[in-house]
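K.L.:
You'll find data37.txt just under this line, and it carries compact mmCIF, C-alpha atoms and all ligand atoms.
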# COMPACT_ATOMS: atom_id res chain seq x y z
CA MET Q 1 279.44 -8.85 37.99
CA VAL Q 2 275.81 -8.04 37.29
CA ALA Q 3 272.41 -9.25 38.47
CA ILE Q 4 268.97 -8.59 37.01
CA ALA Q 5 266.38 -8.06 39.70
CA VAL Q 6 262.73 -7.20 39.83
CA ARG Q 7 262.65 -4.85 42.84
CA ALA Q 8 258.85 -4.55 42.77
CA PRO Q 9 256.25 -5.11 40.03
CA HIS Q 10 257.25 -3.19 36.87
CA ARG Q 11 260.67 -2.29 38.30
CA LEU Q 12 263.47 -4.12 36.51
CA ALA Q 13 266.93 -3.21 37.81
CA LEU Q 14 270.49 -3.97 36.80
CA GLU Q 15 272.48 -4.37 40.00
CA ASP Q 16 276.02 -5.16 41.07
CA ASP Q 17 276.12 -8.86 41.85
CA SER Q 18 277.54 -9.68 45.26
CA HIS Q 19 276.92 -13.37 45.64
CA ALA Q 20 277.64 -15.57 48.61
CA GLN Q 21 280.25 -18.33 48.68
CA PRO Q 22 278.72 -21.80 48.26
CA GLY Q 23 277.82 -23.36 51.61
CA PRO Q 24 277.86 -27.11 52.37
CA GLY Q 25 276.26 -29.05 49.52
CA GLU Q 26 276.12 -25.97 47.27
CA VAL Q 27 277.91 -24.99 44.07
CA ALA Q 28 278.62 -21.62 42.45
CA ILE Q 29 277.97 -21.34 38.70
CA ARG Q 30 279.60 -18.71 36.53
CA VAL Q 31 276.51 -18.10 34.37
CA ASN Q 32 277.07 -17.95 30.62
CA ARG Q 33 273.60 -17.99 29.01
CA ALA Q 34 270.11 -17.58 30.43
CA GLY Q 35 266.76 -17.68 28.70
CA ILE Q 36 263.86 -15.32 29.41
CA CYS Q 37 260.61 -17.18 30.08
CA GLY Q 38 256.99 -16.07 30.05
CA SER Q 39 256.99 -16.59 33.80
CA ASP Q 40 259.80 -14.01 34.18
CA ILE Q 41 257.51 -11.53 32.42
CA HIS Q 42 254.72 -12.45 34.88
CA ILE Q 43 257.07 -11.69 37.80
CA LEU Q 44 257.91 -8.34 36.22
CA HIS Q 45 254.19 -7.57 35.81
CA GLY Q 46 253.37 -8.61 39.37
CA SER Q 47 251.10 -11.43 38.18
CA ASN Q 48 253.02 -14.38 39.66
CA PRO Q 49 251.30 -15.30 42.95
CA PHE Q 50 254.36 -17.09 44.40
CA VAL Q 51 257.06 -14.46 44.10
CA VAL Q 52 258.34 -12.28 46.94
CA TYR Q 53 260.07 -9.03 45.91
CA PRO Q 54 262.80 -8.01 45.44
CA ARG Q 55 263.88 -11.02 43.43
CA ILE Q 56 266.77 -11.83 41.10
CA ILE Q 57 264.86 -13.68 38.39
CA GLY Q 58 265.81 -16.36 35.84
CA HIS Q 59 265.43 -20.13 35.96
CA GLU Q 60 266.75 -21.25 32.55
CA PHE Q 61 270.53 -20.94 32.77
CA ALA Q 62 273.77 -22.70 32.00
CA GLY Q 63 277.40 -22.00 32.87
CA THR Q 64 280.60 -23.32 34.41
CA ILE Q 65 281.20 -24.39 38.02
CA GLU Q 66 283.41 -21.81 39.69
CA ALA Q 67 283.44 -23.05 43.29
CA VAL Q 68 282.02 -25.93 45.31
CA GLY Q 69 281.06 -26.06 48.99
CA ALA Q 70 281.94 -28.71 51.57
CA GLY Q 71 280.66 -32.20 50.87
CA VAL Q 72 279.96 -31.65 47.17
CA SER Q 73 280.90 -34.91 45.45
CA HIS Q 74 279.27 -35.17 42.02
CA ILE Q 75 280.26 -31.79 40.59
CA ALA Q 76 283.73 -30.27 40.24
CA ILE Q 77 285.19 -26.86 39.43
CA GLY Q 78 285.27 -26.40 35.65
CA ASP Q 79 282.25 -28.64 34.94
CA ARG Q 80 279.72 -27.22 32.51
CA VAL Q 81 276.23 -27.43 33.92
CA VAL Q 82 272.61 -26.44 33.42
CA ALA Q 83 270.34 -25.64 36.36
CA ASP Q 84 267.18 -27.45 37.40
CA PRO Q 85 265.15 -24.74 39.17
CA VAL Q 86 262.98 -27.15 41.19
CA VAL Q 87 264.08 -27.32 44.83
CA SER Q 88 262.18 -29.99 46.78
CA CYS Q 89 262.34 -31.24 50.37
CA GLY Q 90 262.60 -34.98 49.62
CA LYS Q 91 260.47 -35.84 52.68
CA CYS Q 92 256.85 -34.98 51.96
CA TYR Q 93 254.32 -37.30 50.31
CA PRO Q 94 254.78 -36.08 46.69
CA CYS Q 95 258.59 -36.22 47.06
CA ARG Q 96 258.40 -39.76 48.44
CA ILE Q 97 256.41 -40.97 45.42
CA GLY Q 98 258.78 -39.30 42.94
CA ARG Q 99 256.68 -36.19 42.27
CA SER Q 100 259.22 -33.68 43.57
CA ASN Q 101 257.96 -30.94 41.24
CA VAL Q 102 254.81 -30.65 43.35
CA CYS Q 103 256.71 -30.90 46.65
CA ALA Q 104 254.66 -29.56 49.57
CA ASN Q 105 257.61 -27.28 50.37
CA LEU Q 106 258.45 -26.44 46.75
CA GLU Q 107 260.82 -23.58 46.06
CA VAL Q 108 261.60 -22.54 42.50
CA ILE Q 109 264.91 -20.87 41.75
CA GLY Q 110 264.15 -17.47 40.24
CA VAL Q 111 260.70 -17.36 41.86
CA HIS Q 112 260.79 -18.33 45.56
CA ARG Q 113 264.55 -17.80 45.78
CA ASP Q 114 267.05 -15.78 43.77
CA GLY Q 115 267.61 -17.05 40.25
CA GLY Q 116 270.17 -17.23 37.48
CA PHE Q 117 270.10 -13.81 35.82
CA ARG Q 118 273.40 -12.96 37.48
CA SER Q 119 277.11 -13.41 36.89
CA VAL Q 120 277.45 -16.08 39.60
CA ALA Q 121 274.56 -18.13 40.99
CA VAL Q 122 274.83 -20.34 44.08
CA LEU Q 123 272.54 -23.37 44.23
CA PRO Q 124 272.25 -26.84 45.75
CA GLU Q 125 274.41 -29.50 44.12
CA GLU Q 126 271.24 -31.52 43.31
CA ASN Q 127 270.00 -28.63 41.19
CA VAL Q 128 272.74 -28.75 38.58
CA VAL Q 129 273.12 -31.24 35.75
CA LYS Q 130 276.42 -31.74 33.95
CA VAL Q 131 276.50 -31.11 30.20
CA SER Q 132 279.12 -32.09 27.64
CA PRO Q 133 281.55 -29.32 26.55
CA SER Q 134 280.42 -30.12 23.00
CA LEU Q 135 277.03 -28.61 23.78
CA GLY Q 136 276.80 -24.83 23.50
CA PHE Q 137 275.71 -22.93 26.61
CA ASP Q 138 272.86 -21.45 24.55
CA VAL Q 139 271.44 -24.90 23.74
CA ALA Q 140 272.13 -26.17 27.28
CA ALA Q 141 270.04 -23.28 28.63
CA LEU Q 142 267.08 -24.66 26.64
CA ALA Q 143 267.09 -27.86 28.70
CA GLU Q 144 264.68 -26.49 31.33
CA PRO Q 145 261.86 -25.48 28.95
CA LEU Q 146 262.34 -28.80 27.11
CA ALA Q 147 262.07 -30.61 30.47
CA VAL Q 148 258.70 -28.90 31.00
CA ALA Q 149 257.60 -30.44 27.68
CA ALA Q 150 259.04 -33.83 28.67
CA ASN Q 151 257.09 -33.63 31.92
CA VAL Q 152 253.69 -33.00 30.32
CA LEU Q 153 254.30 -35.71 27.70
CA SER Q 154 255.21 -38.13 30.49
CA ARG Q 155 252.06 -37.15 32.41
CA THR Q 156 249.97 -37.78 29.27
CA GLU Q 157 251.88 -41.01 28.46
CA CYS Q 158 252.72 -39.89 24.94
CA ARG Q 159 254.04 -42.70 22.72
CA ALA Q 160 254.76 -43.31 19.04
CA GLU Q 161 251.20 -44.49 18.34
CA ASP Q 162 249.68 -41.21 19.55
CA THR Q 163 248.39 -38.28 17.61
CA VAL Q 164 249.10 -35.14 19.63
CA LEU Q 165 247.15 -31.92 19.21
CA VAL Q 166 249.14 -28.95 20.54
CA TYR Q 167 247.36 -25.68 21.21
CA GLY Q 168 249.78 -22.80 20.70
CA ALA Q 169 252.97 -22.52 18.65
CA GLY Q 170 254.86 -20.30 21.10
CA THR Q 171 257.82 -21.49 23.16
CA VAL Q 172 255.78 -24.02 25.14
CA GLY Q 173 253.98 -25.43 22.09
CA LEU Q 174 257.21 -25.79 20.12
CA THR Q 175 259.06 -27.57 22.91
CA VAL Q 176 256.12 -29.99 23.28
CA LEU Q 177 256.16 -30.50 19.51
CA GLN Q 178 259.89 -31.31 19.45
CA VAL Q 179 259.74 -33.82 22.28
CA ALA Q 180 256.56 -35.47 20.95
CA LYS Q 181 258.10 -35.81 17.46
CA MET Q 182 261.21 -37.31 19.02
CA LYS Q 183 258.97 -39.90 20.69
CA GLY Q 184 257.59 -40.73 17.24
CA ALA Q 185 254.09 -39.28 17.67
CA ARG Q 186 252.12 -37.57 14.90
CA CYS Q 187 251.76 -33.86 15.77
CA ILE Q 188 249.12 -31.31 14.87
CA VAL Q 189 249.73 -27.72 15.97
CA THR Q 190 247.17 -24.94 15.99
CA ASP Q 191 247.72 -21.22 16.58
CA MET Q 192 246.26 -17.92 15.42
CA ASP Q 193 249.50 -16.55 13.98
CA ASP Q 194 250.80 -17.72 10.60
CA GLU Q 195 254.46 -16.94 11.36
CA ARG Q 196 254.37 -19.11 14.48
CA LEU Q 197 252.70 -21.87 12.46
CA GLU Q 198 255.52 -21.64 9.92
CA ARG Q 199 258.00 -22.22 12.76
CA ALA Q 200 255.96 -25.22 13.93
CA ARG Q 201 256.26 -26.72 10.43
CA ALA Q 202 260.02 -26.13 10.50
CA PHE Q 203 260.16 -28.03 13.82
CA GLY Q 204 258.40 -31.01 12.27
CA ALA Q 205 254.66 -30.48 12.78
CA ASP Q 206 252.77 -32.93 10.55
CA VAL Q 207 249.86 -30.49 10.35
CA ALA Q 208 249.92 -26.82 11.38
CA PHE Q 209 246.78 -24.75 10.90
CA ASN Q 210 245.36 -21.38 11.82
CA SER Q 211 242.35 -21.70 14.12
CA LYS Q 212 241.07 -18.29 12.94
CA SER Q 213 240.36 -19.68 9.49
CA GLN Q 214 239.93 -23.40 10.19
CA SER Q 215 237.81 -25.13 12.84
CA VAL Q 216 239.90 -27.15 15.30
CA ALA Q 217 237.14 -29.74 15.79
CA GLU Q 218 236.68 -30.30 12.05
CA THR Q 219 240.39 -30.31 11.25
CA VAL Q 220 241.32 -32.93 13.85
CA ALA Q 221 238.15 -35.05 13.54
CA LYS Q 222 239.66 -37.35 10.93
CA GLU Q 223 242.69 -38.30 13.05
CA LEU Q 224 243.06 -41.88 14.35
CA ASP Q 225 240.33 -43.32 12.09
CA GLY Q 226 237.94 -40.50 12.90
CA LEU Q 227 238.38 -40.73 16.69
CA GLY Q 228 240.38 -37.52 17.12
CA PRO Q 229 243.76 -36.89 18.76
CA SER Q 230 244.76 -39.23 21.62
CA VAL Q 231 246.78 -36.55 23.41
CA VAL Q 232 245.87 -32.86 23.63
CA ILE Q 233 248.28 -30.37 25.17
CA ASP Q 234 247.24 -26.85 26.07
CA GLY Q 235 250.41 -24.90 25.42
CA ALA Q 236 248.45 -21.66 25.26
CA GLY Q 237 247.08 -21.63 28.82
CA ILE Q 238 243.57 -20.52 27.82
CA PRO Q 239 240.89 -22.03 30.12
CA SER Q 240 238.15 -22.07 27.46
CA LEU Q 241 240.26 -24.41 25.32
CA LEU Q 242 239.74 -27.20 27.85
CA GLU Q 243 236.09 -27.48 26.82
CA GLU Q 244 237.05 -28.00 23.19
CA ALA Q 245 239.93 -30.30 24.15
CA CYS Q 246 237.49 -32.65 25.94
CA ARG Q 247 235.18 -32.57 22.92
CA VAL Q 248 237.81 -33.37 20.28
CA ALA Q 249 239.95 -35.90 22.22
CA ALA Q 250 239.75 -39.57 21.24
CA PRO Q 251 238.28 -42.11 23.67
CA ALA Q 252 241.02 -43.01 26.19
CA GLY Q 253 242.57 -39.64 25.38
CA ARG Q 254 244.80 -37.65 27.74
CA ILE Q 255 244.69 -33.89 28.11
CA GLY Q 256 247.73 -32.11 29.51
CA LEU Q 257 247.35 -28.67 31.09
CA LEU Q 258 250.22 -26.24 31.62
CA GLY Q 259 248.50 -22.87 32.06
CA PHE Q 260 248.14 -21.17 35.43
CA SER Q 261 244.90 -19.25 34.94
CA GLY Q 262 242.50 -19.12 37.86
CA ALA Q 263 239.47 -18.69 35.61
CA PRO Q 264 236.92 -21.52 35.72
CA CYS Q 265 235.65 -23.22 32.58
CA ASN Q 266 232.67 -25.29 31.52
CA ILE Q 267 233.55 -28.90 30.94
CA SER Q 268 231.18 -31.79 30.58
CA GLN Q 269 231.53 -34.62 33.05
CA GLN Q 270 229.65 -36.82 30.62
CA GLU Q 271 232.33 -36.30 27.95
CA ILE Q 272 235.09 -37.21 30.40
CA VAL Q 273 233.33 -40.36 31.63
CA ARG Q 274 232.00 -41.53 28.28
CA LYS Q 275 235.48 -41.45 26.74
CA GLU Q 276 237.42 -42.14 29.94
CA LEU Q 277 239.50 -39.04 29.39
CA SER Q 278 242.40 -38.24 31.68
CA LEU Q 279 242.91 -34.57 32.53
CA VAL Q 280 246.34 -33.99 34.01
CA GLY Q 281 248.12 -30.93 35.27
CA SER Q 282 251.83 -30.57 34.66
CA ARG Q 283 254.03 -28.21 36.64
CA LEU Q 284 257.71 -27.47 35.96
CA ASN Q 285 259.58 -30.79 35.64
CA ARG Q 286 260.09 -33.93 37.65
CA ARG Q 287 263.89 -34.32 37.31
CA PHE Q 288 263.75 -34.66 33.52
CA ILE Q 289 266.76 -32.45 32.82
CA PRO Q 290 269.36 -35.29 32.76
CA GLU Q 291 267.25 -37.10 30.15
CA VAL Q 292 266.77 -33.90 28.12
CA VAL Q 293 270.53 -33.23 28.24
CA SER Q 294 271.15 -36.74 26.84
CA TRP Q 295 268.71 -35.98 23.99
CA LEU Q 296 270.50 -32.70 23.27
CA GLU Q 297 273.95 -34.34 23.38
CA SER Q 298 272.91 -37.15 21.04
CA GLY Q 299 271.28 -34.72 18.61
CA ALA Q 300 267.85 -36.35 19.06
CA LEU Q 301 266.67 -32.82 19.83
CA LYS Q 302 267.93 -29.84 17.83
CA PRO Q 303 266.26 -26.79 19.40
CA GLN Q 304 268.87 -24.14 18.47
CA ALA Q 305 266.52 -22.34 16.05
CA MET Q 306 264.24 -21.50 19.00
CA ILE Q 307 266.75 -18.84 20.07
CA THR Q 308 265.63 -15.76 18.15
CA GLN Q 309 267.71 -13.06 19.90
CA THR Q 310 270.62 -12.82 22.33
CA PHE Q 311 271.28 -9.66 24.35
CA ALA Q 312 274.22 -8.80 26.58
CA ALA Q 313 273.10 -9.02 30.22
CA ALA Q 314 273.69 -5.29 30.61
CA ASP Q 315 271.02 -4.74 27.93
CA ALA Q 316 268.39 -6.83 29.73
CA ALA Q 317 265.93 -3.93 29.75
CA ALA Q 318 266.03 -3.85 25.93
CA ALA Q 319 265.46 -7.61 25.81
CA PHE Q 320 262.37 -7.36 28.02
CA GLU Q 321 261.12 -4.39 26.00
CA LEU Q 322 261.41 -6.35 22.75
CA ILE Q 323 259.44 -9.28 24.23
CA GLU Q 324 256.73 -6.92 25.50
CA GLN Q 325 256.50 -4.65 22.44
CA HIS Q 326 257.07 -7.18 19.64
CA PRO Q 327 256.25 -10.66 20.97
CA GLU Q 328 255.66 -11.85 17.40
CA GLN Q 329 259.37 -11.30 16.63
CA THR Q 330 260.60 -13.41 19.51
CA LEU Q 331 260.54 -17.03 20.55
CA LYS Q 332 263.33 -17.60 23.06
CA VAL Q 333 265.35 -14.52 23.95
CA GLN Q 334 268.56 -15.20 25.82
CA LEU Q 335 270.90 -13.08 27.91
CA ALA Q 336 274.67 -13.46 27.63
CA PHE Q 337 276.55 -13.05 30.90
CA ASP Q 338 279.94 -13.93 29.43
CA ALA Q 339 280.62 -10.51 27.89
MN MN H 401 260.75 -21.43 31.87
Now that the file is in, can you turn its structure into structure tokens?

P.N.:
Amino acid sequence: MVAIAVRAPHRLALEDDSHAQPGPGEVAIRVNRAGICGSDIHILHGSNPFVVYPRIIGHEFAGTIEAVGAGVSHIAIGDRVVADPVVSCGKCYPCRIGRSNVCANLEVIGVHRDGGFRSVAVLPEENVVKVSPSLGFDVAALAEPLAVAANVLSRTECRAEDTVLVYGAGTVGLTVLQVAKMKGARCIVTDMDDERLERARAFGADVAFNSKSQSVAETVAKELDGLGPSVVIDGAGIPSLLEEACRVAAPAGRIGLLGFSGAPCNISQQEIVRKELSLVGSRLNRRFIPEVVSWLESGALKPQAMITQTFAAADAAAAFELIEQHPEQTLKVQLAFDA
């Protein structure tokens, strides 16, 4: 029984896991696989403004139900599940209009409360989604990052007639690419690293180009009869990109933002009004995991190749070191808690 905690910024610790029994409405998951996310690295570095230390981290995890609390009706012992880390109150204005991911009382598992990098995690019944036994735990644990992509593509109303420009071919960019391709959209991916661009091509990018050697504005100008891309997603989280995104987007275009930088940027109101652009933020996911699980089960999404390394949970420190020292060698690194 192990748990991976960040005791304070820069202090990763492997601890004995002594979890509670599930209370009313809660379930206990025997965790099998968990993915490390960029936001886990931010918590380790002390650069996540929401976290309170010490914290057991991890919000992308899948496993088997080991125990259920009183009143749990939709989930049974032995069910395979993936977690949805978004805990919402259900009462505030955003919850009432179906925007539970920006709940006024939002708590994220692995950030505001203890997460899934542990042998057994206890969470509310509403925060687990059943998966078919035919789906591997490793693929099931990719449902959360894919739900983040589904959320931003819902916010930007991505459809088959769209051309989507994705900034960044890291984990976020590649999940956006996969979901947008599944929706039938044409996808252009830009990054500054050729290896990442090669991966984007393997995941179906129609065009993948290096922005160090090729101008983004010129490369995308010929899309949609010279109007530019109709959807632009910033999967890189770089504020200065927003300026360019507004410039290159087609009239009636939608720009989806996922980054959490506090830095301001210079955007032109004229550009936004002239083209009636929509700039939308997208945070976590608005209950998209059941839909993502159905896409994974049907084979509409095949994200397995995103998993570049798997470490035993006891070797978590080595996994974090690899991500920090050699980010170019990793895409999604997972921890195995079943050993
Ligand atoms: Mn994540």

K.L.:
Can you tell me which residues come within 7 Å of ligand MN 401 (chain H) when counting only C-alpha atoms and all ligand atoms, ideally as an NGL selection string?

P.N.:
:Q and (37-39 or 59-60 or 144-145)

K.L.:
For Ala249 of chain Q, please output as number ranges by chain all residues within 7 Å (counting only C-alpha atoms; exclusion window: fewer than 2 positions along the same chain).

P.N.:
Q: 228-232, 245-247, 251, 253

K.L.:
With 12 Å as the cut-off and all atoms listed in the file counted, what is the closest atom pair between each nearby residue of segment 60-110 of chain Q and segment 265-283 of chain Q? Distances in Å to one decimal, ordered by chain and number, as CSV.

P.N.:
residue,atom,partner,partner_atom,distance
Q:Pro85,CA,Q:Arg283,CA,11.9
Q:Val86,CA,Q:Arg283,CA,10.1
Q:Arg99,CA,Q:Arg283,CA,10.1
Q:Ser100,CA,Q:Arg283,CA,10.2
Q:Asn101,CA,Q:Arg283,CA,6.6
Q:Val102,CA,Q:Arg283,CA,7.2
Q:Cys103,CA,Q:Arg283,CA,10.7
Q:Leu106,CA,Q:Arg283,CA,11.2
Q:Val108,CA,Q:Arg283,CA,11.1

K.L.:
List as a PyMOL selection string the protein and nucleic acid residues near segment 152-165 of chain Q, meaning an atom at most 10 Å away when only C-alpha atoms are counted, but skip any in the same chain fewer than 6 places from it.

P.N.:
chain Q and resi 173+176-177+179-190+205-208+216+220+223-224+228-235+245+248-250+253-258+278-286+288

K.L.:
Would you mind telling me which residue in Q:Val87, Q:Leu135, Q:Val172, Q:Ala141 lies nearest to Ala62 of chain Q when using only C-alpha atoms?

P.N.:
Q:Ala141

K.L.:
If you measure from atom CA of Gly262 of chain Q to atom CA of Phe50 of chain Q, what distance in Å do you get, rounded to one decimal?

P.N.:
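According to the coordinates, atom CA of Gly262 of chain Q and atom CA of Phe50 of chain Q are separated by 13.7 Å.
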
K.L.:
Could you check how far atom CA of Thr171 of chain Q sits from atom CA of Ala202 of chain Q, in Å to one decimal?

P.N.:
13.7 Å

K.L.:
When distances are computed from only C-alpha atoms, which of Q:Glu66, Q:His112, Q:Val131, Q:Ile36 shows the smallest separation from Phe320 of chain Q?

P.N.:
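Among the listed residues, Q:Ile36 lies closest to Phe320 of chain Q.
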
K.L.:
Which residue, Q:Ser294, Q:Ser73, Q:Gln178, Q:Ser134, has the smallest gap to Met306 of chain Q when you use all atoms listed in the file?

P.N.:
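Among the listed residues, the smallest separation from Met306 of chain Q belongs to Q:Gln178.
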
K.L.:
So, with only C-alpha atoms as the atoms that count, which of Q:Glu126, Q:Ile97, Q:Cys92, Q:Val111 lies closest to Asp40 of chain Q?

P.N.:
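Counting only C-alpha atoms, the residue closest to Asp40 of chain Q is Q:Val111.
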
K.L.:
Counting only C-alpha atoms, which of Q:Gly35, Q:Pro303, Q:Pro264, Q:Pro124 gets nearest to Ile109 of chain Q?

P.N.:
Q:Pro124

K.L.:
Nearest to Lys302 of chain Q among Q:Val333, Q:Val139, Q:Leu197, Q:Ala169, with distances taken over only C-alpha atoms: which residue is it?

P.N.:
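Of the candidates, the smallest distance to Lys302 of chain Q is held by Q:Val139.
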
K.L.:
Rounded to one decimal, what separation in Å do you get between atom CA of Ile56 of chain Q and atom CA of His19 of chain Q?

P.N.:
11.2 Å

K.L.:
Extract, using all atoms listed in the file, all DNA, RNA and protein residues at most 7 Å from Thr310 of chain Q, discarding same-chain residues fewer than 5 positions from it, and format them as a list of chain:residue names.

P.N.:
Q:Val333, Q:Gln334, Q:Leu335, Q:Ala336

K.L.:
Dump C-alpha atoms for the selected residues as a compact mmCIF listing (two decimals), keeping the file's coordinate frame?

P.N.:
# COMPACT_ATOMS: atom_id res chain seq x y z
CA VAL Q 333 265.35 -14.52 23.95
CA GLN Q 334 268.56 -15.20 25.82
CA LEU Q 335 270.90 -13.08 27.91
CA ALA Q 336 274.67 -13.46 27.63

K.L.:
Within 9 Å of Pro290 of chain Q, counting only C-alpha atoms, which residues show up once you throw out same-chain ones fewer than 4 positions away? Write them as a PyMOL selection string, please.

P.N.:
chain Q and resi 129-131+143+147+294-295

K.L.:
Please list as a VMD selection string every residue within 12 Å of Gln304 of chain Q, counting only C-alpha atoms and excluding residues in the same chain fewer than 3 positions away.

P.N.:
chain Q and resid 135 to 143 146 174 to 175 178 203 296 299 301 307 to 309 331 to 334
